[in-house]
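Chemist: If it helps, the file is called target_3.csv and holds CSV, C-alpha atoms and all ligand atoms:
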```csv
chain,number,residue,atom,x,y,z
V,1,MET,CA,239.0,215.8,170.0
V,2,THR,CA,241.7,213.1,170.5
V,3,LYS,CA,240.0,211.7,173.5
V,4,LYS,CA,236.7,211.6,171.7
V,5,GLN,CA,238.4,209.8,168.8
V,6,VAL,CA,239.9,207.3,171.2
V,7,GLN,CA,236.5,206.8,172.8
V,8,GLU,CA,234.9,206.3,169.4
V,9,LYS,CA,237.6,203.8,168.6
V,10,THR,CA,237.0,201.9,171.8
V,11,GLU,CA,233.3,201.9,171.1
V,12,THR,CA,233.8,200.6,167.6
V,13,ASN,CA,236.0,197.9,169.0
V,14,ALA,CA,233.3,197.1,171.6
V,15,LYS,CA,230.8,196.9,168.7
V,16,GLU,CA,233.0,194.7,166.7
V,17,THR,CA,233.7,192.2,169.4
V,18,PRO,CA,230.1,191.0,169.9
V,19,THR,CA,229.8,190.4,166.2
V,20,GLU,CA,232.9,188.3,166.3
V,21,LYS,CA,231.7,186.3,169.3
V,22,PRO,CA,228.9,184.3,167.7
V,23,ILE,CA,231.1,183.2,164.8
V,24,VAL,CA,233.7,182.0,167.2
V,25,LYS,CA,231.0,180.2,169.3
V,26,ALA,CA,229.6,178.6,166.2
V,27,VAL,CA,233.0,177.3,165.2
V,28,GLU,CA,233.6,175.9,168.6
V,29,GLU,CA,230.2,174.3,168.9
V,30,THR,CA,230.6,172.6,165.5
V,31,LYS,CA,234.2,171.5,165.8
V,32,THR,CA,234.9,170.9,169.4
V,33,GLU,CA,232.4,170.4,172.1
V,34,ALA,CA,234.5,172.1,174.7
V,35,PRO,CA,233.1,172.5,178.2
V,36,LYS,CA,231.3,175.8,178.8
V,37,ILE,CA,233.7,177.2,181.3
V,38,GLU,CA,236.7,177.1,178.9
V,39,ALA,CA,234.9,178.8,176.0
V,40,PRO,CA,234.6,182.4,177.4
V,41,LYS,CA,238.3,182.3,178.4
V,42,GLU,CA,239.4,181.6,174.8
V,43,GLU,CA,237.2,184.4,173.6
V,44,ARG,CA,238.7,186.8,176.1
V,45,ASP,CA,242.1,185.7,175.0
V,46,ASN,CA,241.2,186.2,171.3
V,47,VAL,CA,239.8,189.7,171.6
V,48,PRO,CA,242.8,191.5,173.0
V,49,ILE,CA,245.0,189.7,170.5
V,50,SER,CA,243.0,190.9,167.6
V,51,LYS,CA,243.4,194.6,168.6
V,52,PRO,CA,247.2,194.9,168.2
V,53,ASP,CA,246.7,193.0,165.0
V,54,ASN,CA,245.3,196.0,163.3
V,55,LYS,CA,248.1,198.3,164.4
V,56,GLY,CA,251.2,196.1,164.7
V,57,ARG,CA,252.4,194.7,161.4
V,58,PRO,CA,254.8,191.9,162.4
V,59,GLN,CA,252.1,190.0,164.3
V,60,GLN,CA,249.6,190.2,161.4
V,61,GLY,CA,251.1,187.3,159.4
V,62,ARG,CA,251.1,184.9,162.3
V,63,ARG,CA,247.5,185.7,163.3
V,64,ASP,CA,246.3,185.5,159.7
V,65,ARG,CA,247.7,182.0,159.5
V,66,ASN,CA,245.9,181.0,162.6
V,67,ALA,CA,242.7,182.6,161.3
V,68,ARG,CA,243.1,180.6,158.1
V,69,ALA,CA,243.5,177.4,160.0
V,70,VAL,CA,240.0,177.8,161.4
V,71,PHE,CA,237.6,177.3,158.6
V,72,ASP,CA,234.1,178.8,159.0
V,73,LYS,CA,231.6,176.5,157.4
V,74,GLU,CA,228.7,178.9,158.0
V,75,ALA,CA,230.3,181.8,156.1
V,76,TRP,CA,231.1,179.6,153.1
V,77,LYS,CA,228.7,180.1,150.1
V,78,PRO,CA,229.1,177.1,147.8
V,79,LYS,CA,228.9,177.7,144.0
V,80,THR,CA,228.8,174.2,142.7
V,81,SER,CA,226.2,171.5,143.2
V,82,LEU,CA,228.7,169.3,144.8
V,83,GLY,CA,229.6,172.1,147.3
V,84,LEU,CA,225.9,172.6,148.1
V,85,LYS,CA,225.5,168.9,148.8
V,86,VAL,CA,228.5,169.0,151.1
V,87,LYS,CA,227.3,172.0,153.0
V,88,ASP,CA,223.8,170.6,153.4
V,89,GLY,CA,225.4,167.5,154.9
V,90,GLU,CA,224.2,165.2,152.0
V,91,ILE,CA,227.8,164.1,151.4
V,92,THR,CA,229.7,163.4,154.6
V,93,ASP,CA,232.4,161.1,153.2
V,94,ILE,CA,235.1,162.1,150.7
V,95,ASP,CA,235.1,158.6,149.3
V,96,TYR,CA,231.8,159.3,147.7
V,97,ILE,CA,233.3,162.1,145.6
V,98,LEU,CA,236.5,160.2,144.8
V,99,ASP,CA,234.9,156.9,143.9
V,100,ASN,CA,232.3,158.4,141.6
V,101,GLY,CA,234.8,160.5,139.9
V,102,TYR,CA,233.3,163.9,140.7
V,103,ARG,CA,235.5,166.8,140.2
V,104,ILE,CA,236.2,169.1,143.2
V,105,LEU,CA,236.1,172.7,142.1
V,106,GLU,CA,235.9,174.3,145.5
V,107,PRO,CA,238.7,173.9,148.1
V,108,GLU,CA,236.2,174.4,150.9
V,109,ILE,CA,234.8,170.9,150.1
V,110,VAL,CA,238.0,169.4,151.3
V,111,ASP,CA,238.1,171.6,154.3
V,112,VAL,CA,234.8,170.3,155.4
V,113,LEU,CA,235.2,166.6,154.5
V,114,LEU,CA,238.9,166.0,155.3
V,115,LYS,CA,239.1,166.6,159.1
V,116,LYS,CA,242.4,166.9,160.9
V,117,SER,CA,244.2,167.7,157.6
V,118,GLU,CA,247.6,169.3,157.6
V,119,THR,CA,249.4,171.4,155.0
V,120,ASP,CA,253.0,171.8,154.2
V,121,LEU,CA,255.2,173.4,151.6
V,122,LEU,CA,257.9,171.5,149.8
V,123,LEU,CA,261.4,172.8,149.3
V,124,ILE,CA,261.6,172.9,145.5
V,125,GLY,CA,263.7,176.0,145.0
V,126,GLN,CA,267.1,177.3,146.2
V,127,SER,CA,268.5,180.5,147.5
V,128,LYS,CA,270.8,182.3,145.0
V,129,GLY,CA,273.4,185.0,145.0
V,130,LYS,CA,276.3,185.5,147.3
V,131,PHE,CA,277.8,183.1,149.8
V,132,GLY,CA,277.4,180.2,147.4
V,133,GLY,CA,273.6,180.0,147.5
V,134,GLY,CA,272.0,176.7,146.8
V,135,GLN,CA,270.2,176.5,150.2
V,136,ARG,CA,266.8,174.9,149.8
V,137,ARG,CA,263.9,177.2,149.7
V,138,VAL,CA,260.1,176.9,149.5
V,139,PHE,CA,259.8,179.1,146.5
V,140,ARG,CA,261.5,178.4,143.2
V,141,GLN,CA,262.5,181.7,141.7
V,142,THR,CA,262.7,182.0,137.9
V,143,GLN,CA,263.2,184.9,135.6
V,144,LYS,CA,262.2,186.1,132.2
V,145,LYS,CA,264.3,188.6,130.3
V,146,THR,CA,262.3,191.4,128.8
V,147,MET,CA,262.9,194.8,127.3
V,148,GLU,CA,262.0,196.4,130.7
V,149,GLY,CA,264.3,194.1,132.6
V,150,ASN,CA,264.1,190.9,134.5
V,151,LYS,CA,260.6,189.7,135.5
V,152,PRO,CA,260.8,187.2,138.3
V,153,LYS,CA,258.2,184.6,139.1
V,154,PHE,CA,257.8,182.4,142.2
V,155,ALA,CA,256.6,178.8,142.2
V,156,THR,CA,255.9,176.5,145.1
V,157,LEU,CA,254.5,173.1,145.8
V,158,ALA,CA,252.0,172.6,148.6
V,159,VAL,CA,250.9,169.3,150.1
V,160,ILE,CA,247.8,168.5,152.1
V,161,GLY,CA,247.1,165.3,153.9
V,162,ASN,CA,245.3,163.8,156.9
V,163,HIS,CA,247.8,161.2,157.9
V,164,ASP,CA,245.2,158.6,157.0
V,165,GLY,CA,245.1,157.6,153.4
V,166,TYR,CA,244.4,161.0,151.7
V,167,PHE,CA,246.8,163.5,150.2
V,168,GLY,CA,247.0,166.2,147.6
V,169,VAL,CA,249.8,168.1,145.9
V,170,GLY,CA,249.4,171.4,144.2
V,171,PHE,CA,251.7,173.6,142.2
V,172,GLY,CA,251.3,177.4,142.4
V,173,LYS,CA,253.1,180.0,140.4
V,174,ALA,CA,252.7,183.8,140.5
V,175,LYS,CA,254.6,187.1,140.3
V,176,GLU,CA,254.8,187.3,144.0
V,177,THR,CA,255.2,184.7,146.8
V,178,VAL,CA,252.0,185.1,148.6
V,179,PRO,CA,249.6,184.5,145.7
V,180,ALA,CA,251.8,181.6,144.6
V,181,ARG,CA,251.4,180.0,147.9
V,182,GLU,CA,247.6,180.6,147.9
V,183,LYS,CA,247.3,179.0,144.5
V,184,ALA,CA,249.4,176.0,145.6
V,185,PHE,CA,247.2,175.4,148.6
V,186,ARG,CA,244.0,175.8,146.6
V,187,LYS,CA,245.3,173.4,143.9
V,188,SER,CA,246.5,170.9,146.5
V,189,LYS,CA,243.0,170.7,147.9
V,190,LEU,CA,241.4,170.2,144.4
V,191,ASN,CA,243.9,167.5,143.6
V,192,ILE,CA,243.0,165.3,146.6
V,193,ARG,CA,243.5,161.6,146.1
V,194,LYS,CA,243.5,158.5,148.1
V,195,ILE,CA,246.0,155.7,148.5
V,196,SER,CA,245.8,152.1,149.6
V,197,ARG,CA,248.1,151.0,152.4
V,198,GLY,CA,249.1,147.6,153.6
V,199,CYS,CA,251.9,145.5,154.9
V,200,GLY,CA,253.7,143.8,152.1
V,201,SER,CA,257.0,143.2,153.8
V,202,TRP,CA,258.0,139.5,154.2
V,203,GLU,CA,260.0,140.5,157.3
V,204,CYS,CA,256.9,141.7,159.0
V,205,ASN,CA,253.7,139.7,159.3
V,206,CYS,CA,251.9,142.2,161.6
V,207,GLY,CA,248.6,142.7,159.8
V,208,ASN,CA,248.6,146.5,160.2
V,209,PRO,CA,248.5,148.8,157.2
V,210,HIS,CA,251.6,150.8,158.2
V,211,SER,CA,253.4,150.5,154.9
V,212,ILE,CA,252.6,149.8,151.3
V,213,PRO,CA,251.3,146.5,150.0
V,214,PHE,CA,253.8,146.1,147.2
V,215,LYS,CA,256.7,147.6,145.4
V,216,ILE,CA,255.7,150.8,143.4
V,217,HIS,CA,257.5,152.7,140.7
V,218,GLY,CA,257.2,156.2,139.3
V,219,LYS,CA,259.1,158.2,136.7
V,220,CYS,CA,259.3,161.8,135.6
V,221,GLY,CA,262.1,163.0,133.3
V,222,SER,CA,265.3,161.2,134.2
V,223,VAL,CA,264.2,160.7,137.8
V,224,GLU,CA,262.9,157.2,138.8
V,225,LEU,CA,261.7,156.4,142.2
V,226,THR,CA,260.9,153.0,143.6
V,227,LEU,CA,259.2,152.6,146.9
V,228,MET,CA,259.3,149.2,148.7
V,229,PRO,CA,257.4,147.9,151.7
V,230,ALA,CA,259.4,147.8,154.9
V,231,PRO,CA,258.8,146.1,158.3
V,232,ILE,CA,257.2,148.1,161.1
V,233,GLY,CA,259.4,150.6,162.9
V,234,THR,CA,261.7,151.2,159.8
V,235,GLY,CA,260.5,154.8,159.3
V,236,LEU,CA,260.5,156.6,156.0
V,237,CYS,CA,263.8,155.9,154.3
V,238,VAL,CA,263.2,158.3,151.4
V,239,GLU,CA,264.4,161.7,150.3
V,240,LYS,CA,263.0,164.3,152.7
V,241,GLU,CA,260.4,166.0,150.4
V,242,CYS,CA,259.0,162.7,149.4
V,243,ALA,CA,258.9,161.7,153.1
V,244,LYS,CA,256.8,164.7,153.8
V,245,ILE,CA,254.2,163.5,151.2
V,246,LEU,CA,254.3,160.0,152.4
V,247,ALA,CA,253.9,161.0,156.1
V,248,LEU,CA,250.9,163.2,155.2
V,249,ALA,CA,249.4,160.3,153.2
V,250,GLY,CA,249.7,158.1,156.2
V,251,ILE,CA,252.6,155.7,155.3
V,252,LYS,CA,254.9,155.1,158.1
V,253,ASP,CA,257.5,152.6,156.9
V,254,VAL,CA,259.1,152.5,153.5
V,255,TRP,CA,262.3,151.8,151.7
V,256,SER,CA,263.3,153.5,148.5
V,257,ARG,CA,265.6,153.6,145.6
V,258,THR,CA,266.1,156.4,143.1
V,259,LYS,CA,267.8,156.9,139.8
V,260,GLY,CA,268.6,159.9,137.7
V,261,LYS,CA,268.9,163.6,138.6
V,262,THR,CA,267.0,163.6,141.9
V,263,LYS,CA,268.1,167.2,142.7
V,264,THR,CA,265.4,168.3,140.3
V,265,LYS,CA,262.8,168.2,143.1
V,266,LEU,CA,259.8,168.8,140.9
V,267,ASN,CA,260.5,165.7,138.9
V,268,LEU,CA,261.3,163.6,142.0
V,269,ILE,CA,258.0,164.7,143.6
V,270,LYS,CA,256.1,164.0,140.4
V,271,ALA,CA,257.6,160.5,140.2
V,272,CYS,CA,256.6,160.0,143.8
V,273,ILE,CA,253.0,161.0,143.1
V,274,GLU,CA,252.9,158.7,140.0
V,275,ALA,CA,254.2,155.8,142.2
V,276,LEU,CA,251.6,156.4,144.8
V,277,ASP,CA,248.8,156.6,142.2
V,278,SER,CA,249.7,153.1,141.0
V,279,LEU,CA,248.8,151.8,144.5
V,280,ILE,CA,245.1,152.4,143.9
V,281,LYS,CA,245.2,151.7,140.2
V,282,THR,CA,246.6,148.2,140.6
V,283,ARG,CA,243.9,145.6,140.8
V,284,LEU,CA,244.2,142.9,143.4
V,285,THR,CA,242.3,139.8,144.2
V,286,SER,CA,240.5,139.6,147.5
V,287,ALA,CA,243.0,136.9,148.5
V,288,GLN,CA,245.9,139.1,147.8
V,289,LYS,CA,244.2,142.0,149.6
V,290,LYS,CA,243.8,139.8,152.7
V,291,GLU,CA,247.4,138.6,152.5
V,292,MET,CA,248.8,142.1,152.4
V,293,CYS,CA,246.2,143.7,154.7
V,294,VAL,CA,245.3,146.3,152.0
V,295,VAL,CA,243.2,149.2,153.2
V,296,GLU,CA,242.0,151.8,150.7
V,297,GLY,CA,241.7,155.3,152.0
V,298,LYS,CA,241.1,155.8,155.7
V,299,ILE,CA,241.5,152.9,158.1
V,300,THR,CA,238.0,151.8,159.0
V,301,VAL,CA,236.7,151.2,162.5
V,302,GLN,CA,236.9,147.5,161.9
V,303,ALA,CA,240.6,147.6,160.9
V,304,GLN,CA,241.3,149.8,163.9
V,305,ASP,CA,239.6,147.3,166.2
V,306,GLU,CA,241.7,144.5,164.7
V,307,ALA,CA,244.8,146.6,165.3
V,308,GLU,CA,243.8,147.2,168.9
V,309,PHE,CA,243.0,143.5,169.3
V,310,ILE,CA,246.5,142.7,168.0
V,311,ASP,CA,248.0,145.2,170.4
V,312,SER,CA,246.0,143.8,173.3
V,313,MET,CA,247.2,140.3,172.2
V,314,ASP,CA,250.7,141.5,172.3
V,315,VAL,CA,250.2,143.0,175.7
V,316,GLU,CA,248.7,139.8,177.0
V,317,ASP,CA,251.5,137.7,175.5
V,318,SER,CA,254.1,139.9,177.1
V,319,GLU,CA,252.3,139.7,180.4
V,320,LYS,CA,252.2,135.9,180.1
V,321,LEU,CA,255.9,136.0,179.3
V,322,LYS,CA,256.5,138.1,182.4
V,323,GLN,CA,254.6,135.9,184.7
V,324,PRO,CA,256.6,132.7,184.1
V,325,GLU,CA,259.8,134.7,184.6
V,326,GLU,CA,258.5,136.0,187.9
V,327,SER,CA,257.5,132.5,188.9
V,328,LYS,CA,260.9,131.3,187.9
V,329,GLN,CA,262.5,134.0,189.9
V,330,SER,CA,260.4,133.1,192.9
V,331,GLU,CA,261.3,129.4,192.4
V,332,LYS,CA,265.0,130.4,192.3
V,333,LYS,CA,264.5,132.4,195.5
V,334,SER,CA,262.8,129.4,197.1
V,335,GLU,CA,265.6,127.2,196.0
V,336,LYS,CA,268.2,129.5,197.5
V,401,ZN,ZN,253.8,145.0,159.0
```
Starting from the file, lay out its structure as structure tokens.
Ligand SMILES: [Zn+2]
Modeler:
Amino acid sequence: MTKKQVQEKTETNAKETPTEKPIVKAVEETKTEAPKIEAPKEERDNVPISKPDNKGRPQQGRRDRNARAVFDKEAWKPKTSLGLKVKDGEITDIDYILDNGYRILEPEIVDVLLKKSETDLLLIGQSKGKFGGGQRRVFRQTQKKTMEGNKPKFATLAVIGNHDGYFGVGFGKAKETVPAREKAFRKSKLNIRKISRGCGSWECNCGNPHSIPFKIHGKCGSVELTLMPAPIGTGLCVEKECAKILALAGIKDVWSRTKGKTKTKLNLIKACIEALDSLIKTRLTSAQKKEMCVVEGKITVQAQDEAEFIDSMDVEDSEKLKQPEESKQSEKKSEK
């Protein structure tokens, strides 16, 4: 009997695998046009991995995360009219949704439109108990005293961004950690917003939107955060959790100044979001925009071309600089 059961199991596995294959293929075809030789290898790799998944527990979490990373557009059934438009390919740019003020009610819309997006969890809580505690954690644990006893709740903040002008922050709270995280990711996708970038530093006249165009300010509770444009190569001189948001939003160089109880991370992050929102809310004249190289949302192809052009100019200049040096050296040699 046992052998038969094993055989049946193998058969079921064999039956399951062909059903999985077309999905994997569809995803590969849509997302990456990989050469045909590589595709079957990946499939072979995937199939044996999925088997121990069902039996071995410790691997499950890791595999699940990988599975979540691959979003299947075909399996998604949109419920809102906006979602239908996105799935049909009517809307291909997230700017259309954000500029017209439509409300995103399905996180899948962002999955489809915001390619190369990354997610991260912010450290808003701290460990408690023995050995001092106080170490920063992803989940903020709070408790309510009731007749039955303590009822803990877990809260977390998730960030999503594509490193190119778009980011979203979502707060999730639940009785357990996993649903809290799910909520946070979902809300971060619904709260997607865009920023404008530029180069407002007087020390740097590069013309690339690597920093922010002007000084911005945000406040929440006692916490006040000021972000200032910095020259290229400075990096993100901000508190770490804010730096995570800024990096995901696509800002590379910034200086900062804070005031108040910045250890209250929730307030600090809210101040950061408020400050970033003022980037797009501030109205600038076209002359000012040109002066500070303001780019709203993603960097367009033209801007990229300009950047490449500048890079190429730099390279040419450096080559020109090198050449005379060489000629000088050769002259010196001839003199000797
Ligand atoms: Zn610059």
Chemist: Hey, could you make a per-residue contact list for chain V against ligand ZN 401 (chain V) with 10 Å as the cut-off, showing the nearest pair of atoms and its distance in Å to one decimal, counting only C-alpha atoms and all ligand atoms, sorted by chain and number, as JSON lines?
Modeler:
```
{"residue": "V:Gly198", "atom": "CA", "partner": "V:ZN401", "partner_atom": "ZN", "distance": 7.6}
{"residue": "V:Cys199", "atom": "CA", "partner": "V:ZN401", "partner_atom": "ZN", "distance": 4.5}
{"residue": "V:Gly200", "atom": "CA", "partner": "V:ZN401", "partner_atom": "ZN", "distance": 7.0}
{"residue": "V:Ser201", "atom": "CA", "partner": "V:ZN401", "partner_atom": "ZN", "distance": 6.4}
{"residue": "V:Trp202", "atom": "CA", "partner": "V:ZN401", "partner_atom": "ZN", "distance": 8.4}
{"residue": "V:Glu203", "atom": "CA", "partner": "V:ZN401", "partner_atom": "ZN", "distance": 7.8}
{"residue": "V:Cys204", "atom": "CA", "partner": "V:ZN401", "partner_atom": "ZN", "distance": 4.5}
{"residue": "V:Asn205", "atom": "CA", "partner": "V:ZN401", "partner_atom": "ZN", "distance": 5.3}
{"residue": "V:Cys206", "atom": "CA", "partner": "V:ZN401", "partner_atom": "ZN", "distance": 4.3}
{"residue": "V:Gly207", "atom": "CA", "partner": "V:ZN401", "partner_atom": "ZN", "distance": 5.7}
{"residue": "V:Asn208", "atom": "CA", "partner": "V:ZN401", "partner_atom": "ZN", "distance": 5.5}
{"residue": "V:Pro209", "atom": "CA", "partner": "V:ZN401", "partner_atom": "ZN", "distance": 6.8}
{"residue": "V:His210", "atom": "CA", "partner": "V:ZN401", "partner_atom": "ZN", "distance": 6.3}
{"residue": "V:Ser211", "atom": "CA", "partner": "V:ZN401", "partner_atom": "ZN", "distance": 6.9}
{"residue": "V:Ile212", "atom": "CA", "partner": "V:ZN401", "partner_atom": "ZN", "distance": 9.2}
{"residue": "V:Pro213", "atom": "CA", "partner": "V:ZN401", "partner_atom": "ZN", "distance": 9.5}
{"residue": "V:Pro229", "atom": "CA", "partner": "V:ZN401", "partner_atom": "ZN", "distance": 8.6}
{"residue": "V:Ala230", "atom": "CA", "partner": "V:ZN401", "partner_atom": "ZN", "distance": 7.5}
{"residue": "V:Pro231", "atom": "CA", "partner": "V:ZN401", "partner_atom": "ZN", "distance": 5.2}
{"residue": "V:Ile232", "atom": "CA", "partner": "V:ZN401", "partner_atom": "ZN", "distance": 5.1}
{"residue": "V:Gly233", "atom": "CA", "partner": "V:ZN401", "partner_atom": "ZN", "distance": 8.8}
{"residue": "V:Asp253", "atom": "CA", "partner": "V:ZN401", "partner_atom": "ZN", "distance": 8.7}
{"residue": "V:Met292", "atom": "CA", "partner": "V:ZN401", "partner_atom": "ZN", "distance": 8.8}
{"residue": "V:Cys293", "atom": "CA", "partner": "V:ZN401", "partner_atom": "ZN", "distance": 8.8}
```
Chemist: So which residues touch region 87-89 of chain V within 10 Å, counting only C-alpha atoms, skipping near sequence neighbours fewer than 6 positions away, as a short mmCIF file (atom, residue, chain, number, x, y, z; two decimals) with C-alpha atoms, in the frame of the given file?
Modeler:
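Saved to out-v4.cif:
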```
data_model
loop_
_atom_site.label_atom_id
_atom_site.label_comp_id
_atom_site.auth_asym_id
_atom_site.auth_seq_id
_atom_site.Cartn_x
_atom_site.Cartn_y
_atom_site.Cartn_z
CA LYS V 73 231.60 176.50 157.40
CA GLU V 74 228.70 178.90 158.00
CA TRP V 76 231.10 179.60 153.10
CA LYS V 77 228.70 180.10 150.10
CA PRO V 78 229.10 177.10 147.80
CA SER V 81 226.20 171.50 143.20
CA GLU V 108 236.20 174.40 150.90
CA ILE V 109 234.80 170.90 150.10
CA VAL V 112 234.80 170.30 155.40
CA LEU V 113 235.20 166.60 154.50
#
```
Chemist: Do you have the CA of Leu248 (chain V)-CA of Gly165 (chain V) distance handy?
Modeler: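 Pair CA of Leu248 (chain V) / CA of Gly165 (chain V) returns 8.3 Å.
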Chemist: Which one of V:Thr226, V:Gln126, V:Asn162, V:Asn191 sits closest to Arg103 (chain V) if you count all atoms listed in the file?
Modeler: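 Distance minimum relative to Arg103 (chain V) lands on V:Asn191.
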Chemist: Please compute the CA of Phe214 (chain V)-CA of Ser278 (chain V) distance, one decimal, in Å.
Modeler: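 Answer for the CA of Phe214 (chain V) to CA of Ser278 (chain V) separation: 10.2 Å.
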Chemist: Record the distance separating CA of Lys189 (chain V) and CA of Gly101 (chain V), expressed in Å with one decimal.
Modeler: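 Taking CA of Lys189 (chain V) and CA of Gly101 (chain V), their separation equals 15.3 Å.
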Chemist: Find the residues around Ala155 (chain V) up to 12 Å (only C-alpha atoms counted), leave out those fewer than 6 positions away in its own chain, and share them as a PyMOL selection string.
Modeler: chain V and resi 121-126+137-143+170-185+266
Chemist: Residues near Tyr166 (chain V), anyone? I mean within 7 Å using all atoms listed in the file, not counting same-chain ones fewer than 4 positions away, as a PyMOL selection string.
Modeler: chain V and resi 161-162+192-195+249+297
Chemist: List as a PyMOL selection string the residues having at least one atom at most 7 Å from position (242.8, 150.9, 153.8) as given in the file, counting only C-alpha atoms.
Modeler: chain V and resi 196-197+209+294-299
Chemist: Could you write out the selected residues, including C-alpha atoms, as a PDB file, keeping the file's coordinate frame?
Modeler:
```pdb
ATOM      1  CA  SER V 196     245.800 152.100 149.600  1.00  0.00           C
ATOM      2  CA  ARG V 197     248.100 151.000 152.400  1.00  0.00           C
ATOM      3  CA  PRO V 209     248.500 148.800 157.200  1.00  0.00           C
ATOM      4  CA  VAL V 294     245.300 146.300 152.000  1.00  0.00           C
ATOM      5  CA  VAL V 295     243.200 149.200 153.200  1.00  0.00           C
ATOM      6  CA  GLU V 296     242.000 151.800 150.700  1.00  0.00           C
ATOM      7  CA  GLY V 297     241.700 155.300 152.000  1.00  0.00           C
ATOM      8  CA  LYS V 298     241.100 155.800 155.700  1.00  0.00           C
ATOM      9  CA  ILE V 299     241.500 152.900 158.100  1.00  0.00           C
TER      10      ILE V 299
END
```
Chemist: So, with all atoms listed in the file as the atoms that count, which of V:Thr119, V:Gly133, V:Ser222, V:Ile216 lies closest to Ala158 (chain V)?
Modeler: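 For Ala158 (chain V), the nearest of the given residues is V:Thr119.
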Chemist: Tell me which of V:Pro152, V:Gly218, V:Pro107, V:Gly132 sits closest to Asp277 (chain V), counting only C-alpha atoms.
Modeler: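 That would be V:Gly218, the residue with the smallest distance to Asp277 (chain V).
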Chemist: For Asp99 (chain V), which residue out of V:Ile280, V:Val238, V:Ala287, V:Ala275 is the nearest one, using all atoms listed in the file?
Modeler: V:Ile280
Chemist: Excluding same-chain residues fewer than 2 positions from Glu224 (chain V), what lies within 12 Å of it counting only C-alpha atoms, as a list of chain:residue names?
Modeler: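 The contact residues come out as V:Ile216, V:His217, V:Gly218, V:Lys219, V:Cys220, V:Gly221, V:Ser222, V:Thr226, V:Leu227, V:Ser256, V:Arg257, V:Thr258, V:Lys259, V:Gly260, V:Lys261, V:Thr262, V:Lys263, V:Thr264, V:Lys265, V:Asn267, V:Leu268, V:Ile269, V:Lys270, V:Ala271, V:Cys272, V:Ile273, V:Glu274, V:Ala275.
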Chemist: Would you fill the gaps in region 147-160 of chain V so it has N, CA and C atoms, then print it as a PDB file, keeping the file's coordinate frame?
Modeler:
```pdb
ATOM      1  N   MET V 147     262.339 193.479 127.677  1.00  0.00           N
ATOM      2  CA  MET V 147     262.900 194.800 127.300  1.00  0.00           C
ATOM      3  C   MET V 147     263.030 195.675 128.555  1.00  0.00           C
ATOM      4  N   GLU V 148     262.029 195.562 129.471  1.00  0.00           N
ATOM      5  CA  GLU V 148     262.000 196.400 130.700  1.00  0.00           C
ATOM      6  C   GLU V 148     263.060 195.947 131.680  1.00  0.00           C
ATOM      7  N   GLY V 149     263.369 194.668 131.650  1.00  0.00           N
ATOM      8  CA  GLY V 149     264.300 194.100 132.600  1.00  0.00           C
ATOM      9  C   GLY V 149     263.883 192.705 133.001  1.00  0.00           C
ATOM     10  N   ASN V 150     264.387 192.231 134.123  1.00  0.00           N
ATOM     11  CA  ASN V 150     264.100 190.900 134.500  1.00  0.00           C
ATOM     12  C   ASN V 150     262.694 190.824 135.193  1.00  0.00           C
ATOM     13  N   LYS V 151     261.907 189.859 134.817  1.00  0.00           N
ATOM     14  CA  LYS V 151     260.600 189.700 135.500  1.00  0.00           C
ATOM     15  C   LYS V 151     260.611 188.380 136.238  1.00  0.00           C
ATOM     16  N   PRO V 152     260.759 188.447 137.567  1.00  0.00           N
ATOM     17  CA  PRO V 152     260.800 187.200 138.300  1.00  0.00           C
ATOM     18  C   PRO V 152     259.439 186.608 138.574  1.00  0.00           C
ATOM     19  N   LYS V 153     259.427 185.290 138.743  1.00  0.00           N
ATOM     20  CA  LYS V 153     258.200 184.600 139.100  1.00  0.00           C
ATOM     21  C   LYS V 153     258.538 183.595 140.209  1.00  0.00           C
ATOM     22  N   PHE V 154     257.554 183.335 141.061  1.00  0.00           N
ATOM     23  CA  PHE V 154     257.800 182.400 142.200  1.00  0.00           C
ATOM     24  C   PHE V 154     256.822 181.240 142.087  1.00  0.00           C
ATOM     25  N   ALA V 155     257.402 180.069 142.267  1.00  0.00           N
ATOM     26  CA  ALA V 155     256.600 178.800 142.200  1.00  0.00           C
ATOM     27  C   ALA V 155     256.804 178.050 143.481  1.00  0.00           C
ATOM     28  N   THR V 156     255.773 177.371 143.905  1.00  0.00           N
ATOM     29  CA  THR V 156     255.900 176.500 145.100  1.00  0.00           C
ATOM     30  C   THR V 156     254.958 175.339 145.015  1.00  0.00           C
ATOM     31  N   LEU V 157     255.283 174.338 145.789  1.00  0.00           N
ATOM     32  CA  LEU V 157     254.500 173.100 145.800  1.00  0.00           C
ATOM     33  C   LEU V 157     253.919 172.957 147.253  1.00  0.00           C
ATOM     34  N   ALA V 158     252.614 172.772 147.336  1.00  0.00           N
ATOM     35  CA  ALA V 158     252.000 172.600 148.600  1.00  0.00           C
ATOM     36  C   ALA V 158     251.437 171.158 148.736  1.00  0.00           C
ATOM     37  N   VAL V 159     251.493 170.596 149.910  1.00  0.00           N
ATOM     38  CA  VAL V 159     250.900 169.300 150.100  1.00  0.00           C
ATOM     39  C   VAL V 159     249.879 169.372 151.232  1.00  0.00           C
ATOM     40  N   ILE V 160     248.807 168.622 151.060  1.00  0.00           N
ATOM     41  CA  ILE V 160     247.800 168.500 152.100  1.00  0.00           C
ATOM     42  C   ILE V 160     247.565 167.021 152.351  1.00  0.00           C
TER      43      ILE V 160
END
```
